[in-house]
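One structure is given below, encoded as C-alpha cells.
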Amino acid sequence: MNNINENKLLEIKDLRVSFFTPAGEVKAVAGISYDLGYGEVMGIVGESGSGKSVEAYSIMGLLQSPGEIIGGSITFEGEDVLAYSDNQMVDFRGNKVAMIFQNPMTCLNPVYTIGNQLTEALRAHNKDISAADAHKKAVEMLELVGINNIEKRMKQYPHEFSGGMRQRVMIAMGLICSPKLLIADEPTTALDVTIQAQILELMKDLQKKTKMGIIFITHNLGVVAEICDKVSVMYAGRIVEQGSVNDIFYKPAHPYTLGLLRSMPRVDAEEYERLIPIEGTPVDMCCPPEGCLFAPRCESCMQICLKKSPPYVELGDGHRSACWLRVQENMNNKEEQANG
Amino acid sequence: MSERIKRARFGSMQPDIENLLELTAEDFAPATDEQKEGFTVDRESTSYWKDAWRRLKQNKVAIVALGVIFLYIIFAFIGPMLVPYGYDEFNKGAENLYPWHYSIEDKAILDSVSGDDDARLAAALEAAETEKGSALSSIEIAKIKATIKSTKLDIGEFKKENGIHLQPFGYSTGELKRIEAGEKVFPHVFGTDKYGRDIMVRLMIGTRVSMLIGICAALLVLLIGATYGSISGFAGGRVDSIMMRVVELIYSMPEVLVVLLLSTALKPALLAFQNSGDGPMQNLVGLMGPNLISLFVAFGLLYWVTMARIIRGQILQLKEQEFVTAAKALGASSGRIIRRHLLPNCVGQIVVTTCLQIPEAIFLESFLSFLGVGVSAPMTSLGSMAADALKGVQTYGYRLVIPAVILSVMILSLNLFGDGLRDALDPRLKK
Amino acid sequence: MAKYSLKRLGMALLTLLVVASLTFLLMNSIPGSPWLSEKSPSQATIDALNEKYGMDKPVIVQLGKYLENLVKGDMGVSLKMQKNRPVVDIIKEMFPVSASIGFFAVLWATLVGVTLGCLAAYNRGKWIDSLLRVICTIGISMPTFVIASLLLTTFAGSNEALRFFPTIFNASLGIKAYILPCLALGLYPMCYTARQSRSSMLDALGQDYIKTARAKGLRNPVIIFKHALRNALIPVITYLGPEIAFAFCGGFVVETVFSVPGLGRYFIQSILNRDYPVIMGTTIFLAAFIIIMNFFVDLLYKAVDPRISYSEGGK
C-alpha cells in the first residue's frame with residue numbers, strides 16, 4: 001500500500017462485482033478503475049443496467065446477496081475499504097461517505113419525523129453529541145439546503161414534503177456528518193425539470209462550500225456538463241471512456257459516447273440537426289461474449305471488435321478510451337512516425 | 001469482511017499494449033451486419049405460462065402437494081367404487097370395529113386370560129374391604145388399582161410370549177369365520193362406527209363432499225367476484241364508489257354469524273320445498289340438504305368480496321395501460337375490452353385466489369358440519385365425522401384422528417399448492 | 001381525524017342496522033310460527049301468544065318495534081332453552097367467559113405471531129425460516145375443531161401421564177381451565193399473523209428507506225427495530241379485526257369441545273334448539289361486538305400511520 005497517492009480521496013482499481021443468479025453469473029461490474037481527488041466531482045454516465053449503481057453500492061458496502069465483490073480494490077484516503085470489518089464499515093458509511101438516492105419519495109421512512117431522521121445519523125456516528133446539539137446541527141443543515149420554516153418542518157413527516165423538498169432533506173441528511181465524499185445516485189431523475197435544476201444548483205453550491213468530492217451517477221449527459229469535472233462513461237459493466245468534461249463533450253473518443261451526445265438535445269444545435277438514437281439494446285449480461293460488448297450496436301464495428309475486448313488507449317491528460325478505433329489510430333500514427 | 005474479496009476469476013482487463021502490435025490490417029476491416037447479429041446470444045424468451053410452469057416444476061413442495069391432491073381425488077372419487085360397502089350401509093355384527101383385529105385363535109386365548117378389567121378391580125376391592133372390615137381409604141383404593149394395572153402389563157408380556165400380534169384392518173368375528181370358510185371379505189381398513197358403517201367408505205364420501213363443496217364454492221365466488229369486480233373497476237367513478245361501498249358493507253359483516261343465521265332460517269323453507277313435490281329441483285335440494293344450500297347461498301352472498309376487490313384493483317391498474325387505450329381508440333366495446341384485454345391479464349391473480357378459496361371453503365364447511373349445522377345425515381363430511389367421534393373419543397380416538405388428519409392434510413396440500421402457484425405466477429419474482 | 005372517525009362510525013352503524021334487520025327478517029321468514037315446533041297448541045293459544053309477542057302486526061312494524069327495543073337493551077326472552085329469561089341476561093351471564101377466552105387467545109396469537117414472523121423474516125432463507133414456515137402452514141391448515149379436539153384428547157384424555165387439564169371446563173380452576181381453550185383458539189390466528197408479519201417485515205426490509213438507513217451508517221438492530229419493524233407492524237394491525245372476529249366465531253367450536261359455558265356454545269345450542277329470540281339476540285350482539293372492534297382497529301390503524309390523511313376517508 002505504499003504506492004497510494006496521498007492526494008487521492010478515492011481510488012478504485014479493477015473492481016469486479018458479480019451477481020450469482022440461478023441463470024448464471026452476471027458480471028455487473030467487470031473491472032473498472034478510476035480515481036477521485038479531494039473536492040473533485042466525477043460523473044458516471046451510462047444507461048440502465050450498465051453497472052453504475054452497483055459500483056456505487058460497492059463503495060458503500062451496501063451490496064446485497066446475490067451481489068458480490070469478486071476482485072479489485074477500493075481505497076479511501078489510503079485505507080483499504082474492502083478490508084474493513086463490519087463495525088468499521090458502519091462507521092465509514094454516512095460518516096466519511098454519504099449517499100443519496102434516486103427516488104426521494106420512497107427513501108425517507110414514512111413513520112418518523114424529518115427531524116428524527118436527520119439527527120439519527122449524527123447521533124449514530126457521534127455518541128457524545130447532546131440532543132440539543134444534534135437538533136441545532138439538523139436545523140443548520142436544513143437551512144443550508146434552503147428549507148424555510150425549519151422548526152415546524154422538523155416535526156413534520158415525509159409525506160408532508162414535496163419531491164424536491166424531500167430531495168433537499170436527503171441531501172441535508174447526507175451532509176450532516178460532513179462526509180468527504182458524496183455519492184449521488186441519479187438524484188434528479190425522479191424530479192420535475194425545474195426542480196432538477198434547483199437541486200443541481202444546490203449541489204454545486206454545497207460542493208463549493210464544503211469542498212467535498214462527489215460521484216454523480218446519471219444517465220443524463222446534460223446534468224454531467226452542469227456539475228462535473230471528470231466523466232466516466234460506462235457501458236455493460238465497463239468504463240468505455242474517461243476524461244474531463246471538455247474531453248468527453250468536445251473530443252468524444254468512443255462510439256458509445258458519441259452516440260450519447262448525438263441522442264441528446266442541444267440548445268446550440270443547428271435547425272436541421274436531428275437527434276440520432278443509438279440502435280439496438282445492451283447485451284444480455286448473463287452470457288457476455290468475447291470482444292467489445294458495444295460492437296453489435298456500433299456503426300464502425302470491425303472484425304477485431306468481435307474477437308477481443310479493446311484495451312484502454314491514453315489520449316493524453318487523463319483522457320482514455322477503450323475502443324479498437326483508437327488503437328488503430330495509434331498504430332497508424334506510430335507507422336507514420338516510423339516512416340518519417 | 002475481508003472474506004468479501006475473492007480472488008479474481010479471470011485476468012486483468014487491461015491488455016498488454018505490446019502484444020497488440022501483432023494485429024493485422026485484416027483485423028481492422030469493417031464487420032458485416034450478419035457478423036454483428038451473430039455476436040450475441042440472447043436468452044430464449046419464454047411465454048408467461050411456460051415460464052410459470054417451469055417455476056412451478058422447480059418448486060418441489062408444490063409438486064408434492066399437487067401429487068397429494070391427485071391421490072385425494074383418486075381416494076374420493078374412485079375409492080368408493082372399489083370398496084364393496086356403502087357409506088350408509090349398516091353392517092350387522094360388525095359394529096364398533098377398531099382398524100385392527102386379533103385372529104380368532106388369539107382372541108380366544110386372550111379372552112380366556114384377561115377377563116374384564118373392571119370386574120377384576122371390583123372383585124379385588126370387595127375382597128380387600130371384607131378383609132379390613134370397614135370402608136377403604138382413597139390411598140388403599142389407589143394401591144389396589146395400581147396392582148390391577150400391573151397385572152395388565154402382564155397381559156402385554158403374555159401376548160409377546162405367545163406370539164399374539166395385532167393384525168391390520170378391522171374384521172368382525174363373523175367376517176373372520178367367513179374368511180376361514182374360504183370366502184373373500186373386504187377388510188374394514190379404518191374400522192367401523194357404532195352402526196357398523198365402514199369408516200373408510202364414509203371418509204371417501206366425506207372427502208368427496210368436502211372437495212366438491214370447496215370447488216363449487218370457489219367457482220361461485222370466482223363468477224360473482226370477477227363479474228362484480230371487473231364491472232366496478234372498469235366503470236370507475238361514481239358507479240365504482242357505490243359498488244365498493246356495498247363491498248365494504250358486506251366485508252364488515254361477520255360472515256360466520258350470517259352463515260349460521262342463514263342455515264337456521266333457510267332450513268324450514270327448504271325442507272318445505274323439498275316435501276312439496278317430486279321435481280328435479282326438489283330432488284336436488286333433497287340430495288344436498290338444506291344446510292349445504294345455505295352454505296352456498298352464504299358464499300354467493302358474502303365470500304366473493306375479496307375476489308371482487310382483487311380484480312377491481314387489477315383492472316384499475318391495467319385500465320391505465322396503453323393497450324387498453326389502443327383498444328378503445330379502435331372502437332372496441334367495454335365488454336370486449338374487459339373480456340379480451342383486462343381479464344386475461346389478471347388471470348394469474350384470479351387463478352391463485354380461486355385456488356386458495358377452495359381450502360377456505362372446505363374449512364368453513366367442516367366448521368359448520370362440526371357444529372351440526374353443515375352437511376346433514378345421511379350425507380357425511382369430514383367435519384361431521386369428527387363431531388360424531390368426539391362423544392366416544394376416549395375409547396375410539398382413531399375415529400376423530402383419522403378424519404382430522406385427512407382433512408388437515410387436504411387443506412395443507414391445497415394451501416401449499418396455492419402458495420406455489422402464486423410464487424410461480426407472480427412476475428415480480430421473475431428472475 | 002374526527003371527520004374520518006364519524007364517517008367510519010356511520011358505516012359501522014349502518015352495517016349493524018343491516019345485520020340486525022337481516023337477522024330479524026330472516027328469522028321472520030321462517031314458515032310456521034315458533035310455537036308449532038313443540039307440542040301442537042290450540043289455535044287460541046297461538047293467537048294469544050302471537051298477540052302477546054306482537055306477531056300479528058305487519059313485518060315492518062314488528063321490525064321497527066324490535067329495533068326500538070334493541071336500542072333500549074331489550075332483546076326479548078328465551079322461548080325454549082331458559083324459558084322466559086331475558087336474552088340480555090343470558091348474554092350478560094355468558095359473554096364474559098367467551099370474552100376472556102377470546103381476549104387471551106388474540107393476545108398470545110398476536111404477540112407470538114409477530115415475534116415469530118419477524119424472526120423468520122430476519123433469518124430469511126435459513127433453517128429457522130423454513131421451520132417456522134412449515135409450522136405456520138400446517139397451523140393454518142388445521143381447522144380449529146381439529147386442534148381443539150386433538151388437544152383435548154392428548155392433554156385431557158385417557159392417558160394419565162399427559163392428563164394435565166380437566167376434560168370439562170371448570171372456571172374454579174382459574175388459569176388452568178383457560179389454557180387449553182386459549183391455546184386451541186389462538187393457534188390459527190397465531191400462524192396467520194406470523195405469516196403476515198413475515199411478509200410485511202420482508203416487504204419493509206426491501207424498501208428504499210432501509211437502504212437510506214444503511215447508507216447513513218446505522219447499525220443492524222437500529223435498522224430492524226426502528227425502521228423496519230414499525231412499518232411492518234402497520235399492516236399487521238389490519239389483521240386484528242378479522243382475528244377478533246375469528247376468536248369469537250372460532251369460540252363456538254372451542255367452547256363446544258371443551259364444554260365451556262360461554263356464549264358461543266350457547267349460541268350453537270340455541271340454533272340446534274331453534275330458540276329464535278336467543279339466536280337473534282346473540283347474533284346481533286356478537287355482530288355488534290365484532291363491528292365495533294373492527295371500528296376501533298381501523299382507527300388504531302389510521303392513528304399509527306402518519307401517511308394517512310384523514311380527510312380522504314381511507315380506502
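The chains in the C-alpha cells are called A, B, ... from first to last as shown; in each chain the residues are counted from 1, and the ligands are counted from 1 in the order shown.
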request  = Looking only at alpha helix (DSSP H) from DSSP on the backbone, list the matching residues of segment 95-319 of chain B as a ChimeraX atom specification.
outcome  = /B:104-114,117-132,138-162,173-180,199-235,237-251,255-274,280-288,290-298,305-319
Residues of chain B that approach chain C to 6 Å or less, counting only C-alpha atoms: could you list each one with the shortest pair of atoms and its distance in Å to one decimal, rows by chain and increasing residue number, as a tab-separated table?
residue	atom	partner	partner_atom	distance
B:Leu249	CA	C:Thr15	CA	5.9
B:Ala265	CA	C:Met27	CA	5.6
B:Gln394	CA	C:Ser158	CA	5.9
B:Ala404	CA	C:Val146	CA	5.6
B:Ser408	CA	C:Met142	CA	5.0
B:Ile411	CA	C:Ser141	CA	5.3
B:Leu412	CA	C:Ser141	CA	4.9
Can I get the selection written as a short mmCIF file (atom, residue, chain, number, x, y, z; two decimals), in the first residue's frame, with N, CA and C atoms?
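Ended up saving to out_7.cif:
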data_model
loop_
_atom_site.label_atom_id
_atom_site.label_comp_id
_atom_site.auth_asym_id
_atom_site.auth_seq_id
_atom_site.Cartn_x
_atom_site.Cartn_y
_atom_site.Cartn_z
N LEU B 249 -69.54 -2.79 3.00
CA LEU B 249 -70.61 -3.17 3.94
C LEU B 249 -70.59 -4.67 4.19
N ALA B 265 -82.40 -20.10 9.13
CA ALA B 265 -83.61 -19.52 8.55
C ALA B 265 -84.05 -20.27 7.31
N GLN B 394 -62.61 -41.09 24.00
CA GLN B 394 -61.66 -41.76 24.90
C GLN B 394 -61.41 -43.21 24.46
N ALA B 404 -59.66 -36.04 11.05
CA ALA B 404 -58.96 -34.78 11.31
C ALA B 404 -57.69 -34.70 10.49
N SER B 408 -56.94 -32.14 7.49
CA SER B 408 -55.83 -31.19 7.60
C SER B 408 -54.84 -31.35 6.47
N ILE B 411 -56.29 -29.77 3.33
CA ILE B 411 -56.20 -28.31 3.32
C ILE B 411 -54.75 -27.87 3.18
N LEU B 412 -53.86 -28.59 3.87
CA LEU B 412 -52.44 -28.25 3.77
C LEU B 412 -51.95 -28.35 2.33
#
Rows by chain and residue number, chain C within 9 Å of chain A, shortest pair, only C-alpha atoms, as CSV:
residue,atom,partner,partner_atom,distance
C:Gln207,CA,A:Thr106,CA,7.4
C:Asp208,CA,A:Cys107,CA,4.8
C:Tyr209,CA,A:Cys107,CA,4.1
C:Ile210,CA,A:Cys107,CA,7.7
C:Lys211,CA,A:Cys107,CA,7.5
C:Thr212,CA,A:Cys107,CA,6.0
C:Ala213,CA,A:Ala121,CA,8.3
C:Arg214,CA,A:Leu62,CA,7.4
C:Ala215,CA,A:Gly94,CA,5.7
C:Lys216,CA,A:Gly94,CA,4.1
C:Gly217,CA,A:Arg93,CA,4.5
C:Leu218,CA,A:Ala124,CA,6.3
C:Arg219,CA,A:Val90,CA,6.6
C:His227,CA,A:Asn109,CA,7.0
C:Ala228,CA,A:Asn109,CA,8.9
C:Arg230,CA,A:Val111,CA,7.5
C:Asn231,CA,A:Val111,CA,7.0
C:Val304,CA,A:Val111,CA,8.1
C:Asp305,CA,A:Val111,CA,6.5
C:Pro306,CA,A:Val111,CA,6.0
C:Arg307,CA,A:His159,CA,6.1
key: Residue hits in chain A, query chain B, radius 6 Å, only C-alpha atoms, as a PyMOL selection string   = chain A and resi 70-71+83+85+296+301-304+311
request  = Return as a ChimeraX atom specification the full set of residues in segment 18-127 of chain A whose backbone-based DSSP assignment is strand (DSSP E or B).
outcome  = /A:18-21,24-37,41-45,67-76,79-80,93,97-100
